[in-house]
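Novice: So that you have it, the file is run.json, and it contains JSON, C-alpha atoms:
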```json
[["chain", "number", "residue", "atom", "x", "y", "z"],
["A", 30, "MET", "CA", 109.44, 62.55, 41.24],
["A", 31, "ASN", "CA", 107.17, 62.86, 38.22],
["A", 32, "GLU", "CA", 105.14, 65.85, 37.17],
["A", 33, "PHE", "CA", 101.85, 64.36, 38.40],
["A", 34, "VAL", "CA", 103.15, 64.00, 41.95],
["A", 35, "GLU", "CA", 104.66, 67.49, 41.84],
["A", 36, "GLU", "CA", 101.28, 68.90, 40.86],
["A", 37, "CYS", "CA", 99.68, 66.99, 43.75],
["A", 38, "ARG", "CA", 102.22, 68.44, 46.18],
["A", 39, "ARG", "CA", 101.41, 71.96, 45.01],
["A", 40, "GLU", "CA", 97.71, 71.31, 45.60],
["A", 41, "TRP", "CA", 98.33, 69.85, 49.06],
["A", 42, "ARG", "CA", 100.43, 72.89, 49.95],
["A", 43, "ARG", "CA", 97.58, 75.15, 48.79],
["A", 44, "LEU", "CA", 95.09, 73.17, 50.89],
["A", 45, "GLY", "CA", 97.26, 73.43, 53.99],
["A", 46, "VAL", "CA", 98.12, 69.74, 54.28],
["A", 47, "PRO", "CA", 100.98, 69.38, 56.81],
["A", 48, "ASP", "CA", 104.35, 68.65, 55.18],
["A", 49, "PRO", "CA", 104.99, 65.25, 56.83],
["A", 50, "ILE", "CA", 101.63, 63.94, 55.63],
["A", 51, "ALA", "CA", 102.10, 65.40, 52.14],
["A", 52, "ASN", "CA", 105.56, 63.80, 51.96],
["A", 53, "GLU", "CA", 104.13, 60.44, 52.97],
["A", 54, "MET", "CA", 101.35, 60.60, 50.39],
["A", 55, "ALA", "CA", 103.76, 61.71, 47.69],
["A", 56, "ALA", "CA", 106.16, 58.86, 48.52],
["A", 57, "ASP", "CA", 103.36, 56.25, 48.37],
["A", 58, "LEU", "CA", 102.10, 57.61, 45.09],
["A", 59, "THR", "CA", 105.57, 57.74, 43.54],
["A", 60, "ALA", "CA", 106.35, 54.18, 44.60],
["A", 61, "ASP", "CA", 103.07, 52.86, 43.17],
["A", 62, "ILE", "CA", 103.46, 54.69, 39.86],
["A", 63, "GLU", "CA", 107.06, 53.53, 39.51],
["A", 64, "GLU", "CA", 106.00, 49.95, 40.19],
["A", 65, "ALA", "CA", 103.28, 50.16, 37.57],
["A", 66, "GLU", "CA", 105.72, 51.63, 35.04],
["A", 67, "ALA", "CA", 108.29, 48.94, 35.86],
["A", 68, "GLU", "CA", 105.64, 46.35, 35.01],
["A", 69, "GLY", "CA", 105.07, 47.99, 31.65],
["A", 70, "GLY", "CA", 102.01, 49.98, 32.73],
["A", 71, "SER", "CA", 101.43, 53.66, 33.33],
["A", 72, "ALA", "CA", 100.12, 56.05, 35.96],
["A", 73, "GLU", "CA", 96.64, 55.43, 34.57],
["A", 74, "ASP", "CA", 96.83, 51.83, 35.80],
["A", 75, "VAL", "CA", 97.29, 53.17, 39.31],
["A", 76, "LEU", "CA", 95.06, 56.22, 39.20],
["A", 77, "GLY", "CA", 92.42, 55.52, 36.57],
["A", 78, "SER", "CA", 90.88, 58.64, 35.08],
["A", 79, "SER", "CA", 92.32, 60.67, 37.98],
["A", 80, "ALA", "CA", 95.68, 60.50, 36.19],
["A", 81, "PHE", "CA", 94.45, 63.36, 33.98],
["A", 82, "ASP", "CA", 93.42, 65.67, 36.81],
["A", 83, "PRO", "CA", 96.13, 65.78, 39.50],
["A", 84, "ARG", "CA", 94.67, 68.73, 41.40],
["A", 85, "ARG", "CA", 91.27, 67.15, 41.78],
["A", 86, "PHE", "CA", 92.80, 63.83, 42.73],
["A", 87, "ALA", "CA", 95.07, 65.45, 45.33],
["A", 88, "ALA", "CA", 92.20, 67.42, 46.83],
["A", 89, "SER", "CA", 89.86, 64.43, 47.04],
["A", 90, "TRP", "CA", 92.54, 62.31, 48.70],
["A", 91, "ALA", "CA", 93.43, 64.99, 51.24],
["A", 92, "VAL", "CA", 89.77, 65.69, 52.04],
["A", 93, "ALA", "CA", 89.04, 61.97, 52.41],
["A", 94, "ARG", "CA", 91.90, 61.62, 54.88],
["A", 95, "GLY", "CA", 90.75, 64.74, 56.72],
["A", 96, "VAL", "CA", 94.15, 66.41, 56.53],
["A", 97, "THR", "CA", 93.27, 69.67, 54.79],
["A", 98, "GLY", "CA", 93.60, 73.10, 56.39],
["A", 99, "PRO", "CA", 90.88, 75.32, 57.82],
["A", 100, "LEU", "CA", 88.63, 75.15, 54.75],
["A", 101, "ALA", "CA", 87.77, 71.47, 55.18],
["A", 102, "PRO", "CA", 84.18, 70.80, 54.04],
["A", 103, "ASP", "CA", 83.08, 69.49, 57.45],
["A", 104, "ARG", "CA", 84.11, 72.73, 59.11],
["A", 105, "MET", "CA", 82.32, 74.76, 56.44],
["A", 106, "ARG", "CA", 79.26, 72.60, 56.95],
["A", 107, "ARG", "CA", 79.33, 73.37, 60.66],
["A", 108, "GLN", "CA", 79.38, 77.09, 59.84],
["A", 109, "TRP", "CA", 76.25, 76.91, 57.68],
["A", 110, "PRO", "CA", 73.73, 77.30, 60.57],
["A", 111, "VAL", "CA", 75.55, 80.36, 61.94],
["A", 112, "LEU", "CA", 75.58, 81.90, 58.47],
["A", 113, "ALA", "CA", 71.90, 81.09, 57.94],
["A", 114, "ILE", "CA", 70.89, 82.63, 61.28],
["A", 115, "SER", "CA", 72.93, 85.75, 60.49],
["A", 116, "VAL", "CA", 71.25, 86.09, 57.09],
["A", 117, "THR", "CA", 67.80, 85.60, 58.65],
["A", 118, "VAL", "CA", 68.39, 88.25, 61.33],
["A", 119, "PHE", "CA", 69.91, 90.66, 58.81],
["A", 120, "ALA", "CA", 67.03, 90.19, 56.36],
["A", 121, "THR", "CA", 64.43, 90.68, 59.10],
["A", 122, "LEU", "CA", 66.07, 93.88, 60.34],
["A", 123, "THR", "CA", 66.38, 95.14, 56.78],
["A", 124, "ALA", "CA", 62.71, 94.42, 56.13],
["A", 125, "MET", "CA", 61.76, 96.30, 59.29],
["A", 126, "ALA", "CA", 63.91, 99.25, 58.26],
["A", 127, "ALA", "CA", 62.32, 99.27, 54.81],
["A", 128, "VAL", "CA", 58.83, 99.24, 56.29],
["A", 129, "ALA", "CA", 59.74, 102.02, 58.73],
["A", 130, "LEU", "CA", 61.10, 104.16, 55.90],
["A", 131, "ALA", "CA", 58.10, 103.47, 53.69],
["A", 132, "VAL", "CA", 55.66, 104.37, 56.48],
["A", 133, "GLY", "CA", 57.60, 107.53, 57.24],
["A", 134, "ARG", "CA", 57.56, 108.51, 53.58],
["A", 135, "HIS", "CA", 53.86, 107.74, 53.34],
["A", 136, "SER", "CA", 53.17, 110.05, 56.29],
["A", 137, "ALA", "CA", 55.23, 112.83, 54.72],
["A", 138, "ALA", "CA", 53.42, 112.44, 51.40],
["A", 139, "VAL", "CA", 50.04, 112.68, 53.12],
["A", 140, "ALA", "CA", 51.16, 115.63, 55.20],
["A", 141, "ALA", "CA", 52.15, 117.74, 52.19],
["A", 142, "PRO", "CA", 48.67, 118.06, 50.57],
["A", 143, "VAL", "CA", 47.09, 118.49, 54.00],
["A", 144, "ARG", "CA", 49.37, 121.43, 54.67],
["A", 145, "ARG", "CA", 48.46, 122.91, 51.28],
["A", 146, "ILE", "CA", 44.75, 122.40, 51.98],
["A", 147, "LEU", "CA", 45.01, 124.24, 55.25],
["A", 148, "ALA", "CA", 47.18, 127.06, 53.87],
["A", 149, "GLY", "CA", 45.20, 127.80, 50.72],
["A", 150, "PRO", "CA", 46.63, 129.10, 47.36],
["A", 151, "ARG", "CA", 49.76, 131.16, 47.05],
["A", 152, "LEU", "CA", 49.58, 133.70, 44.23],
["A", 153, "PRO", "CA", 52.63, 135.48, 42.82],
["A", 154, "GLN", "CA", 53.35, 138.87, 44.39],
["A", 155, "LEU", "CA", 54.08, 141.29, 41.53],
["A", 156, "PHE", "CA", 53.19, 144.61, 43.11],
["A", 157, "GLY", "CA", 53.01, 145.43, 46.77],
["A", 158, "PRO", "CA", 52.00, 143.00, 49.43],
["A", 159, "GLY", "CA", 49.64, 141.23, 47.07],
["A", 160, "PRO", "CA", 46.22, 139.77, 47.65],
["A", 161, "VAL", "CA", 45.32, 138.00, 50.81],
["A", 162, "ALA", "CA", 44.63, 134.25, 50.51],
["A", 163, "PRO", "CA", 40.94, 133.52, 50.21],
["A", 164, "PRO", "CA", 39.43, 131.89, 53.26],
["A", 165, "PHE", "CA", 38.31, 128.69, 51.53],
["A", 166, "ARG", "CA", 39.83, 125.30, 51.14],
["A", 167, "TYR", "CA", 40.49, 123.43, 47.96],
["A", 168, "PHE", "CA", 42.33, 120.35, 46.78],
["A", 169, "VAL", "CA", 45.49, 120.50, 44.75],
["A", 170, "PRO", "CA", 44.89, 118.61, 41.48],
["A", 171, "GLY", "CA", 46.70, 115.30, 40.91],
["A", 172, "PRO", "CA", 47.30, 112.29, 43.08],
["A", 173, "PRO", "CA", 48.97, 112.85, 46.41],
["A", 174, "PHE", "CA", 51.51, 110.10, 45.72],
["A", 175, "ALA", "CA", 52.87, 111.03, 42.32],
["A", 176, "LEU", "CA", 55.98, 109.17, 41.12],
["A", 177, "ARG", "CA", 57.99, 112.35, 41.31],
["A", 178, "ASP", "CA", 57.39, 112.36, 45.03],
["A", 179, "ILE", "CA", 59.61, 109.33, 45.54],
["A", 180, "GLY", "CA", 62.79, 110.89, 46.79],
["A", 181, "GLY", "CA", 65.96, 109.52, 48.36],
["A", 182, "PHE", "CA", 64.14, 107.84, 51.24],
["A", 183, "GLY", "CA", 61.73, 106.10, 48.90],
["A", 184, "ILE", "CA", 64.54, 104.66, 46.78],
["A", 185, "LEU", "CA", 66.41, 103.60, 49.91],
["A", 186, "ALA", "CA", 63.29, 101.87, 51.24],
["A", 187, "LEU", "CA", 62.86, 100.08, 47.91],
["A", 188, "ILE", "CA", 66.48, 98.88, 47.91],
["A", 189, "LEU", "CA", 66.22, 97.70, 51.51],
["A", 190, "LEU", "CA", 63.02, 95.88, 50.70],
["A", 191, "LEU", "CA", 64.66, 94.09, 47.77],
["A", 192, "VAL", "CA", 67.65, 93.12, 49.93],
["A", 193, "ALA", "CA", 65.29, 91.88, 52.63],
["A", 194, "VAL", "CA", 63.27, 89.81, 50.16],
["A", 195, "VAL", "CA", 66.43, 88.19, 48.77],
["A", 196, "GLY", "CA", 67.78, 87.53, 52.27],
["A", 197, "LEU", "CA", 64.51, 86.05, 53.48],
["A", 198, "GLY", "CA", 64.32, 83.94, 50.32],
["A", 199, "ILE", "CA", 67.77, 82.49, 51.04],
["A", 200, "ALA", "CA", 66.85, 81.91, 54.68],
["A", 201, "ILE", "CA", 63.60, 80.15, 53.77],
["A", 202, "LEU", "CA", 65.48, 78.01, 51.24],
["A", 203, "TYR", "CA", 68.06, 77.02, 53.86],
["A", 204, "TRP", "CA", 65.49, 76.11, 56.49],
["A", 205, "SER", "CA", 63.38, 74.17, 54.01],
["A", 206, "PRO", "CA", 63.40, 70.36, 54.46],
["A", 207, "TRP", "CA", 64.84, 69.88, 50.95],
["A", 208, "CYS", "CA", 67.91, 71.99, 51.65],
["A", 209, "ARG", "CA", 68.36, 70.54, 55.15],
["A", 210, "ARG", "CA", 68.51, 67.08, 53.64],
["A", 211, "ARG", "CA", 71.15, 68.16, 51.11],
["A", 212, "LEU", "CA", 73.38, 69.83, 53.71],
["A", 213, "GLN", "CA", 73.14, 66.97, 56.18],
["A", 214, "PRO", "CA", 76.27, 64.79, 56.28],
["A", 215, "THR", "CA", 75.75, 61.34, 54.85],
["A", 216, "ASP", "CA", 77.36, 58.05, 55.61],
["A", 217, "ARG", "CA", 79.29, 57.15, 52.48],
["A", 218, "MET", "CA", 79.18, 53.43, 53.23],
["A", 219, "THR", "CA", 75.42, 53.40, 53.20],
["A", 220, "GLY", "CA", 74.56, 56.66, 51.46],
["A", 221, "ARG", "CA", 72.10, 57.45, 54.26],
["A", 222, "SER", "CA", 72.01, 60.41, 56.62],
["A", 223, "ARG", "CA", 74.19, 60.06, 59.69],
["A", 224, "TYR", "CA", 71.32, 61.36, 61.74],
["A", 225, "PRO", "CA", 67.95, 59.66, 62.15],
["A", 226, "GLU", "CA", 64.96, 61.21, 60.42],
["A", 227, "GLY", "CA", 63.54, 64.10, 62.43],
["A", 228, "SER", "CA", 66.48, 64.33, 64.84],
["A", 229, "ARG", "CA", 68.37, 67.55, 65.42],
["A", 230, "ARG", "CA", 72.13, 67.99, 65.49],
["B", 5, "MET", "CA", 75.04, 52.18, 47.16],
["B", 6, "LEU", "CA", 77.84, 51.81, 44.58],
["B", 7, "ARG", "CA", 80.23, 53.80, 46.72],
["B", 8, "GLY", "CA", 79.49, 51.54, 49.67],
["B", 9, "VAL", "CA", 80.08, 48.48, 47.49],
["B", 10, "LEU", "CA", 83.50, 49.74, 46.42],
["B", 11, "ASP", "CA", 84.47, 50.24, 50.04],
["B", 12, "LEU", "CA", 83.25, 46.74, 50.76],
["B", 13, "CYS", "CA", 85.39, 45.30, 47.95],
["B", 14, "LEU", "CA", 88.46, 47.07, 49.31],
["B", 15, "LEU", "CA", 87.81, 45.72, 52.79],
["B", 16, "ALA", "CA", 87.35, 42.25, 51.30],
["B", 17, "VAL", "CA", 90.71, 42.22, 49.48],
["B", 18, "MET", "CA", 92.36, 43.57, 52.59],
["B", 19, "GLY", "CA", 90.97, 40.55, 54.37],
["B", 20, "GLU", "CA", 93.41, 38.42, 52.35],
["B", 21, "GLY", "CA", 96.26, 40.14, 54.11],
["B", 22, "PRO", "CA", 97.91, 43.56, 54.45],
["B", 23, "ALA", "CA", 98.50, 45.36, 51.14],
["B", 24, "TYR", "CA", 99.66, 48.71, 49.83],
["B", 25, "GLY", "CA", 97.62, 50.84, 47.42],
["B", 26, "TYR", "CA", 98.72, 49.49, 44.05],
["B", 27, "GLU", "CA", 98.79, 45.93, 45.38],
["B", 28, "MET", "CA", 95.11, 46.26, 46.25],
["B", 29, "THR", "CA", 94.37, 47.54, 42.76],
["B", 30, "LYS", "CA", 96.03, 44.43, 41.35],
["B", 31, "ARG", "CA", 94.09, 42.15, 43.68],
["B", 32, "LEU", "CA", 90.83, 43.74, 42.59],
["B", 33, "ARG", "CA", 91.78, 43.39, 38.92],
["B", 34, "ALA", "CA", 92.59, 39.73, 39.47],
["B", 35, "ARG", "CA", 88.99, 39.30, 40.64],
["B", 36, "GLY", "CA", 87.63, 41.07, 37.60],
["B", 37, "LEU", "CA", 87.08, 44.46, 39.23],
["B", 38, "SER", "CA", 88.79, 47.40, 37.59],
["B", 39, "ILE", "CA", 87.35, 50.12, 39.79],
["B", 40, "VAL", "CA", 90.35, 52.36, 39.28],
["B", 41, "GLY", "CA", 89.08, 52.94, 35.75],
["B", 42, "GLU", "CA", 86.65, 55.50, 37.14],
["B", 43, "GLY", "CA", 88.93, 56.95, 39.77],
["B", 44, "SER", "CA", 91.63, 56.15, 42.22],
["B", 45, "ILE", "CA", 91.31, 53.98, 45.31],
["B", 46, "TYR", "CA", 93.48, 56.33, 47.37],
["B", 47, "PRO", "CA", 90.63, 58.62, 48.50],
["B", 48, "LEU", "CA", 88.63, 55.52, 49.46],
["B", 49, "LEU", "CA", 91.56, 54.18, 51.47],
["B", 50, "GLY", "CA", 92.00, 57.59, 53.08],
["B", 51, "ARG", "CA", 88.40, 57.64, 54.20],
["B", 52, "LEU", "CA", 88.53, 54.08, 55.52],
["B", 53, "GLU", "CA", 91.62, 55.05, 57.49],
["B", 54, "ARG", "CA", 89.99, 58.17, 58.85],
["B", 55, "ASP", "CA", 86.91, 56.18, 59.88],
["B", 56, "GLY", "CA", 89.08, 53.68, 61.73],
["B", 57, "LEU", "CA", 88.11, 50.74, 59.51],
["B", 58, "VAL", "CA", 91.71, 50.03, 58.52],
["B", 59, "GLU", "CA", 95.04, 50.08, 60.28],
["B", 60, "THR", "CA", 98.25, 51.14, 58.60],
["B", 61, "ARG", "CA", 101.91, 50.45, 59.08],
["B", 62, "ARG", "CA", 104.92, 51.43, 57.03],
["B", 63, "SER", "CA", 107.38, 48.73, 56.12],
["B", 64, "ALA", "CA", 109.83, 47.90, 53.36],
["B", 65, "SER", "CA", 108.52, 46.16, 50.28],
["B", 66, "ASN", "CA", 110.45, 43.58, 48.26],
["B", 67, "GLY", "CA", 113.54, 45.53, 47.24],
["B", 68, "GLY", "CA", 111.57, 48.76, 46.85],
["B", 69, "PRO", "CA", 110.99, 51.80, 49.02],
["B", 70, "PRO", "CA", 109.00, 51.57, 52.28],
["B", 71, "ARG", "CA", 105.30, 51.27, 51.58],
["B", 72, "LYS", "CA", 102.20, 51.97, 53.58],
["B", 73, "TYR", "CA", 100.40, 48.69, 54.23],
["B", 74, "TYR", "CA", 96.68, 48.67, 54.98],
["B", 75, "SER", "CA", 94.97, 45.95, 56.99],
["B", 76, "LEU", "CA", 91.55, 45.48, 58.54],
["B", 77, "SER", "CA", 91.00, 46.86, 62.02],
["B", 78, "PRO", "CA", 88.55, 45.12, 64.40],
["B", 79, "LYS", "CA", 85.99, 47.79, 63.49],
["B", 80, "GLY", "CA", 86.71, 47.15, 59.80],
["B", 81, "GLU", "CA", 86.13, 43.41, 60.22],
["B", 82, "LYS", "CA", 82.73, 44.06, 61.80],
["B", 83, "SER", "CA", 81.90, 46.55, 59.06],
["B", 84, "LEU", "CA", 82.90, 43.99, 56.42],
["B", 85, "GLU", "CA", 80.68, 41.30, 57.94],
["B", 86, "ALA", "CA", 77.74, 43.69, 58.21],
["B", 87, "GLY", "CA", 78.34, 44.96, 54.67],
["B", 88, "VAL", "CA", 78.47, 41.46, 53.20],
["B", 89, "MET", "CA", 75.19, 40.55, 54.90],
["B", 90, "GLU", "CA", 73.58, 43.76, 53.66],
["B", 91, "TRP", "CA", 74.89, 43.16, 50.15],
["B", 92, "GLN", "CA", 73.62, 39.57, 50.08],
["B", 93, "ALA", "CA", 70.18, 40.66, 51.25],
["B", 94, "ALA", "CA", 70.07, 43.37, 48.59],
["B", 95, "ARG", "CA", 71.31, 40.95, 45.91],
["B", 96, "ASP", "CA", 68.68, 38.35, 46.86],
["B", 97, "ALA", "CA", 65.94, 40.97, 46.69],
["B", 98, "VAL", "CA", 67.09, 42.13, 43.27],
["B", 99, "ASP", "CA", 67.41, 38.52, 42.08],
["B", 100, "GLY", "CA", 63.85, 37.89, 43.28],
["B", 101, "ALA", "CA", 62.59, 40.78, 41.19],
["B", 102, "LEU", "CA", 64.65, 39.95, 38.11],
["B", 103, "ASP", "CA", 63.85, 36.23, 38.16],
["B", 104, "LEU", "CA", 60.41, 37.16, 36.83],
["B", 105, "VAL", "CA", 62.03, 38.28, 33.60],
["B", 106, "LYS", "CA", 62.69, 35.56, 31.06],
["B", 107, "VAL", "CA", 65.60, 36.32, 28.80],
["B", 108, "GLU", "CA", 66.18, 34.19, 25.74],
["B", 109, "VAL", "CA", 69.86, 33.77, 25.09],
["B", 110, "THR", "CA", 70.67, 33.08, 21.46],
["B", 111, "PRO", "CA", 74.10, 31.91, 20.40]]
```
Could you spell out this file's structure in structure tokens?

Specialist:
Amino acid sequence: MNEFVEECRREWRRLGVPDPIANEMAADLTADIEEAEAEGGSAEDVLGSSAFDPRRFAASWAVARGVTGPLAPDRMRRQWPVLAISVTVFATLTAMAAVALAVGRHSAAVAAPVRRILAGPRLPQLFGPGPVAPPFRYFVPGPPFALRDIGGFGILALILLLVAVVGLGIAILYWSPWCRRRLQPTDRMTGRSRYPEGSRR
Amino acid sequence: MLRGVLDLCLLAVMGEGPAYGYEMTKRLRARGLSIVGEGSIYPLLGRLERDGLVETRRSASNGGPPRKYYSLSPKGEKSLEAGVMEWQAARDAVDGALDLVKVEVTP
């Protein structure tokens, strides 16, 4: 058996093609190549440009016959909707968590200056009990939401928000008509979708 | 469309009688079609088999090892007829459009 067929067998083994089917395909291929060589030709006469890429050839043949293992494209295609729904739910929950964290942080940031307003100034106590806080209110200078106020929760909310935006972007892309058309199986004889326009699987 | 046409050509040469893979390649070449130049016919045959358009049987060839012979199934015959009609309609439409163009052929 020549090197090309050996390479094909390795690829079929990797793709989980059952041994009897792989043996049959290898035998057919060997017989055809040997016949071409006996007539003064080469493997290229049998295989065309595929003669230079045995792995790709082997994979395309096995996929076309529908004899590959669990990673066959049709099965993956069937898993796309489940994956898309999972991503959508995950992104929505993440977005809600980010909003909840941001709102919680916002409330804490507002609460801090309010507490200071109500409490009044605290002066250093050098000697004795120190002066009593004056009974008036004042505002602490500077914005209430300074950048330094963003702590661990703020960063976490930001990260969650970014993750949610990416997830929702992917989900929107999947559910868009353009992507749906690309993922829909097509009839290779006609090149058209196997499902009528507007129908659901 | 091209992919569908290649399938149609394979079904057509199978209509001459059962053939194994390389034999079909030779039949196509004899008719001026060298489609294996761009890739092999084996994946196409595999898909036709999976779709039930061809039937297969394994039998001994002339002095050589047993070969897998492909022939048209009833479904394949219907598909061939429908494909030929579709192709002829498409060809007529294209001819109708291209007939407007006058090409001067100079020796």

Novice: Which one of B:Val88, B:Ala23, B:Ala64, B:Ile45 sits closest to chain A if you count only C-alpha atoms?

Specialist: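 The closest residue to chain A is B:Ile45.
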
Novice: Got a sec to pull out which chain A residues are within 10 Å of chain B, counting all atoms listed in the file, and send them as a PyMOL selection string?

Specialist: chain A and resi 53-54+56-65+73-80+86-96+216-221

Novice: Using only C-alpha atoms, which of B:Met18, B:Leu37, B:Leu104, B:Val98 sits nearest Thr60 in chain B?

Specialist: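 The closest residue to Thr60 in chain B is B:Met18.
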
Novice: For a test of reading the model, state the distance in Å between CA of Pro47 in chain A and CA of Pro110 in chain A, rounded to one decimal.

Specialist: 28.6 Å

Novice: To one decimal in Å, tell me the separation between CA of Gly21 in chain B and CA of Ser75 in chain B.

Specialist: 6.6 Å

Novice: In Å, with one decimal, what is the gap from CA of Val58 in chain B to CA of Ser77 in chain B?

Specialist: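 Between CA of Val58 in chain B and CA of Ser77 in chain B the gap is 4.8 Å.
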
Novice: Pick out the closest residue to Val194 in chain A from this set: A:Pro49, A:Thr123, A:Cys208, A:Ile114. Count only C-alpha atoms.

Specialist: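 Selected residue with least distance to Val194 in chain A: A:Thr123.
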
Novice: Can you tell me, as an NGL selection string, what residues are no more than 9 Å from Ala51 in chain A when counting only C-alpha atoms, ignoring any on the same chain fewer than 6 positions away?

Specialist: :A and (37-38 or 41-42 or 91)

Novice: Grab the residues selected above and save them as a tab-separated table (two decimals), in the frame of the given file with C-alpha atoms.

Specialist:
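To be explicit, this is the file written out as part20.tsv:
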```tsv
chain	number	residue	atom	x	y	z
A	37	CYS	CA	99.68	66.99	43.75
A	38	ARG	CA	102.22	68.44	46.18
A	41	TRP	CA	98.33	69.85	49.06
A	42	ARG	CA	100.43	72.89	49.95
A	91	ALA	CA	93.43	64.99	51.24
```
